[in-house]
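Peer 1: Okay, so here is start-v9.txt, and as you'll see once you scroll down, it has compact mmCIF, C-alpha atoms.
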# COMPACT_ATOMS: atom_id res chain seq x y z
CA MET A 1 -2.96 -60.25 -115.21
CA ASN A 2 -1.00 -57.02 -115.58
CA GLU A 3 2.72 -57.34 -116.25
CA VAL A 4 5.15 -54.87 -114.71
CA LEU A 5 8.83 -54.85 -115.59
CA ILE A 6 11.10 -52.82 -113.35
CA VAL A 7 14.57 -52.27 -114.81
CA ASP A 8 17.70 -51.25 -112.91
CA GLY A 9 18.98 -48.92 -115.62
CA TYR A 10 22.68 -48.60 -114.85
CA ASN A 11 22.94 -52.31 -114.06
CA ILE A 12 21.60 -53.15 -117.52
CA ILE A 13 23.77 -50.51 -119.21
CA GLY A 14 26.84 -52.07 -117.59
CA ALA A 15 25.83 -55.58 -118.65
CA TRP A 16 24.77 -55.16 -122.29
CA PRO A 17 27.81 -54.81 -124.59
CA GLU A 18 26.11 -52.33 -126.95
CA LEU A 19 25.16 -50.04 -124.07
CA GLU A 20 28.50 -50.49 -122.31
CA ARG A 21 30.31 -49.23 -125.43
CA LEU A 22 27.99 -46.22 -125.64
CA LYS A 23 28.51 -45.51 -121.93
CA ASP A 24 32.27 -45.48 -122.40
CA VAL A 25 31.85 -42.66 -124.92
CA ARG A 26 28.87 -40.80 -123.44
CA LEU A 27 26.59 -42.01 -120.62
CA GLU A 28 23.60 -40.01 -121.89
CA ASP A 29 23.70 -41.92 -125.20
CA ALA A 30 23.60 -45.25 -123.39
CA ARG A 31 20.65 -44.09 -121.27
CA ASP A 32 18.80 -42.81 -124.34
CA ARG A 33 19.38 -46.07 -126.22
CA LEU A 34 18.10 -48.13 -123.28
CA ILE A 35 15.04 -45.89 -123.06
CA ASP A 36 14.36 -46.37 -126.79
CA ILE A 37 14.75 -50.15 -126.56
CA LEU A 38 12.47 -50.46 -123.53
CA ALA A 39 9.86 -48.08 -124.96
CA GLU A 40 9.63 -50.23 -128.08
CA PHE A 41 9.56 -53.40 -125.96
CA GLN A 42 6.75 -51.94 -123.86
CA GLY A 43 4.76 -51.00 -126.96
CA ILE A 44 5.05 -54.50 -128.37
CA THR A 45 4.46 -56.54 -125.21
CA GLY A 46 2.01 -54.34 -123.34
CA PHE A 47 4.14 -54.63 -120.20
CA ARG A 48 4.22 -51.58 -117.96
CA VAL A 49 7.94 -50.76 -117.87
CA ILE A 50 9.49 -48.72 -115.08
CA LEU A 51 13.12 -47.77 -115.63
CA VAL A 52 15.07 -46.75 -112.52
CA PHE A 53 18.38 -44.88 -112.49
CA ASP A 54 20.55 -44.21 -109.43
CA ALA A 55 20.95 -40.59 -108.39
CA HIS A 56 24.71 -41.01 -107.95
CA GLN A 57 25.06 -40.67 -111.73
CA VAL A 58 22.80 -37.59 -111.90
CA PRO A 59 22.96 -36.02 -108.41
CA GLY A 60 19.92 -34.71 -106.62
CA LEU A 61 17.21 -35.30 -109.20
CA GLY A 62 14.72 -37.55 -107.44
CA LYS A 63 12.41 -37.10 -110.40
CA TYR A 64 9.89 -39.18 -112.22
CA TYR A 65 8.88 -38.58 -115.80
CA ARG A 66 7.51 -40.29 -118.88
CA GLN A 67 9.19 -40.60 -122.22
CA HIS A 68 7.60 -42.61 -125.04
CA ARG A 69 4.97 -43.69 -122.44
CA LEU A 70 7.82 -45.30 -120.50
CA GLN A 71 8.03 -44.49 -116.79
CA ILE A 72 11.51 -43.31 -115.83
CA MET A 73 12.63 -42.64 -112.29
CA TYR A 74 15.83 -41.00 -111.14
CA THR A 75 16.21 -41.72 -107.42
CA LYS A 76 16.78 -39.02 -104.84
CA GLU A 77 20.30 -38.13 -103.91
CA LYS A 78 21.83 -40.81 -101.64
CA GLU A 79 19.06 -43.26 -102.58
CA THR A 80 20.10 -46.27 -104.63
CA ALA A 81 18.09 -47.80 -107.42
CA ASP A 82 18.00 -50.99 -105.33
CA GLU A 83 16.31 -49.19 -102.41
CA TYR A 84 13.76 -47.59 -104.71
CA ILE A 85 13.06 -50.87 -106.54
CA GLU A 86 12.57 -52.77 -103.26
CA ARG A 87 10.06 -50.17 -102.04
CA LEU A 88 8.26 -50.17 -105.40
CA VAL A 89 8.04 -53.98 -105.48
CA ALA A 90 6.55 -53.99 -101.97
CA GLU A 91 3.90 -51.45 -103.04
CA LEU A 92 3.03 -53.21 -106.28
CA ALA A 93 2.95 -56.67 -104.67
CA GLU A 94 -0.08 -55.61 -102.64
CA ASN A 95 -2.12 -55.86 -105.86
CA ARG A 96 -2.63 -59.56 -106.57
CA ASN A 97 -3.46 -58.88 -110.25
CA VAL A 98 0.08 -57.74 -111.01
CA ARG A 99 3.00 -59.91 -112.03
CA ILE A 100 6.19 -58.05 -111.20
CA ARG A 101 9.53 -58.75 -112.82
CA VAL A 102 12.74 -56.98 -111.91
CA ALA A 103 15.65 -56.89 -114.34
CA THR A 104 19.02 -56.67 -112.58
CA SER A 105 22.12 -58.82 -112.39
CA ASP A 106 22.78 -57.78 -108.79
CA GLN A 107 22.39 -61.13 -106.99
CA VAL A 108 21.69 -59.63 -103.58
CA GLU A 109 18.96 -57.48 -105.11
CA GLN A 110 17.53 -60.51 -106.92
CA HIS A 111 17.14 -62.35 -103.60
CA VAL A 112 15.55 -59.37 -101.87
CA ILE A 113 12.96 -58.66 -104.59
CA PHE A 114 12.18 -62.37 -104.94
CA GLY A 115 11.41 -62.41 -101.21
CA LYS A 116 9.04 -59.48 -101.73
CA GLY A 117 7.11 -61.30 -104.45
CA ALA A 118 8.75 -60.28 -107.73
CA LEU A 119 10.24 -62.50 -110.40
CA ARG A 120 13.91 -62.05 -111.27
CA LEU A 121 15.45 -61.42 -114.65
CA SER A 122 19.19 -61.09 -115.07
CA ALA A 123 20.49 -58.52 -117.55
CA ARG A 124 21.30 -61.41 -119.89
CA GLU A 125 17.79 -62.85 -119.60
CA LEU A 126 16.27 -59.44 -120.30
CA LYS A 127 18.46 -59.06 -123.38
CA LEU A 128 17.34 -62.49 -124.65
CA LEU A 129 13.69 -61.63 -123.98
CA VAL A 130 13.95 -58.27 -125.77
CA ASP A 131 15.78 -59.83 -128.73
CA ASP A 132 13.20 -62.63 -128.98
CA VAL A 133 10.30 -60.16 -128.96
CA PHE A 134 11.92 -57.97 -131.65
CA ARG A 135 12.80 -61.02 -133.76
CA GLU A 136 9.21 -62.30 -133.56
CA ILE A 137 7.81 -58.93 -134.62
CA LYS A 138 10.16 -58.86 -137.62
CA ARG A 139 9.07 -62.36 -138.53
CA GLN A 140 5.37 -61.52 -138.22
CA THR A 141 5.67 -58.38 -140.28
CA GLY A 142 7.63 -60.18 -142.97
CA GLU A 143 10.60 -57.88 -142.61
CA THR A 144 13.54 -59.30 -144.51
CA LYS A 145 17.09 -59.49 -143.28
CA GLN A 146 18.38 -57.87 -146.43
CA ALA A 147 19.82 -54.62 -145.23
CA GLY A 148 19.47 -51.70 -147.57
CA LYS A 149 16.60 -53.20 -149.55
CA ASN A 150 13.79 -50.81 -150.24
CA PRO A 151 10.51 -52.74 -149.94
CA ILE A 152 8.71 -50.17 -152.12
CA SER A 153 11.02 -50.84 -155.04
CA ALA A 154 10.00 -54.48 -154.96
CA LYS A 155 6.45 -53.40 -155.80
CA LEU A 156 7.43 -51.25 -158.77
CA SER A 157 7.52 -52.49 -162.32
CA GLU A 158 10.94 -52.86 -163.94
CA GLU A 159 10.11 -49.97 -166.28
CA MET A 160 9.21 -47.69 -163.37
CA ARG A 161 12.37 -48.68 -161.44
CA GLN A 162 14.54 -47.86 -164.45
CA MET A 163 12.82 -44.51 -164.92
CA MET A 164 13.34 -43.56 -161.26
CA GLU A 165 16.95 -44.69 -161.37
CA LYS A 166 17.47 -42.46 -164.43
CA TRP A 167 15.95 -39.49 -162.57
CA ARG A 168 18.17 -40.19 -159.58
CA ARG A 169 21.34 -40.32 -161.68
CA ASP A 170 20.47 -37.18 -163.68
CA LYS A 171 20.77 -35.03 -160.55
Show how you would write the structure in this file as structure tokens.
Peer 2:
Amino acid sequence: MNEVLIVDGYNIIGAWPELERLKDVRLEDARDRLIDILAEFQGITGFRVILVFDAHQVPGLGKYYRQHRLQIMYTKEKETADEYIERLVAELAENRNVRIRVATSDQVEQHVIFGKGALRLSARELKLLVDDVFREIKRQTGETKQAGKNPISAKLSEEMRQMMEKWRRDK
């Protein structure tokens, strides 16, 4: 079964503390960070991720594009992300081989998309899912939690490490 995750972009930005802080400084940075997170999530999980942004934040676009193989949609002017998501869920639900999930903390929207055949994820649940997936990948790849450690240096002999350190300090 194909997995599709539709994300209400500004709803998630407003709900995740990291993105909320970025938004307070510069909205574009928050959008870019969400795009990066979801692109990585998509690459790991194989979900088809569609990120939807309201046009009221970027007037008149009504454009669709791909970035990092992630589908990104800016709604038309005067069209909300909720309206676009509802229409998209109805279209996708026609295919019985697709499991649709919609990430939004808007309770009214959650009820509407559930009625159209999609599963609901709150912003908090999406954050937990993303964090769990990233944590599992780190565990599987043996990545350590030691920040600043260079994994290559662990494979060098002590003599070689000392020689490189000497070169570094002689600069």
Peer 1: With a distance cut-off of 9 Å and only C-alpha atoms, select the neighbouring residues of region 44-58 of chain A, excluding the residue or stretch itself and same-chain residues fewer than 5 positions from it, and output the selection as a ChimeraX atom specification.
Peer 2: /A:2-11,35,38-39,69-82,84-85,133-134,137
Peer 1: Would you mind reading off the distance between CA of Val98 (chain A) and CA of Gly117 (chain A), one decimal, in Å?
Peer 2: 10.3 Å
Peer 1: Hey, can I get the axis-aligned box for region 116-123 of chain A? All listed atoms, 5 Å padding on each side, centre and edge lengths in Å to one decimal, as JSON.
Peer 2:
{"center_x": 13.8, "center_y": -60.5, "center_z": -109.6, "size_x": 23.4, "size_y": 14.0, "size_z": 25.8}
Peer 1: Give me, please, the distance in Å between CA of Arg120 (chain A) and CA of Glu86 (chain A), quoted to one decimal.
Peer 2: 12.3 Å
Peer 1: Between A:Arg96, A:Arg135, A:Arg26, A:Arg87, single out the one closest to Lys116 (chain A), counting only C-alpha atoms.
Peer 2: A:Arg87
Peer 1: As an exercise, work out the distance from CA of Leu19 (chain A) to CA of Arg33 (chain A) in Å and give it to one decimal place.
Peer 2: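 Distance between the two atoms: 7.3 Å.
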Peer 1: Residues within 12 Å of Ala30 (chain A), please, as a ChimeraX atom specification. Count only C-alpha atoms; anything in the same chain fewer than 2 positions from it doesn't count.
Peer 2: /A:9-28,32-37
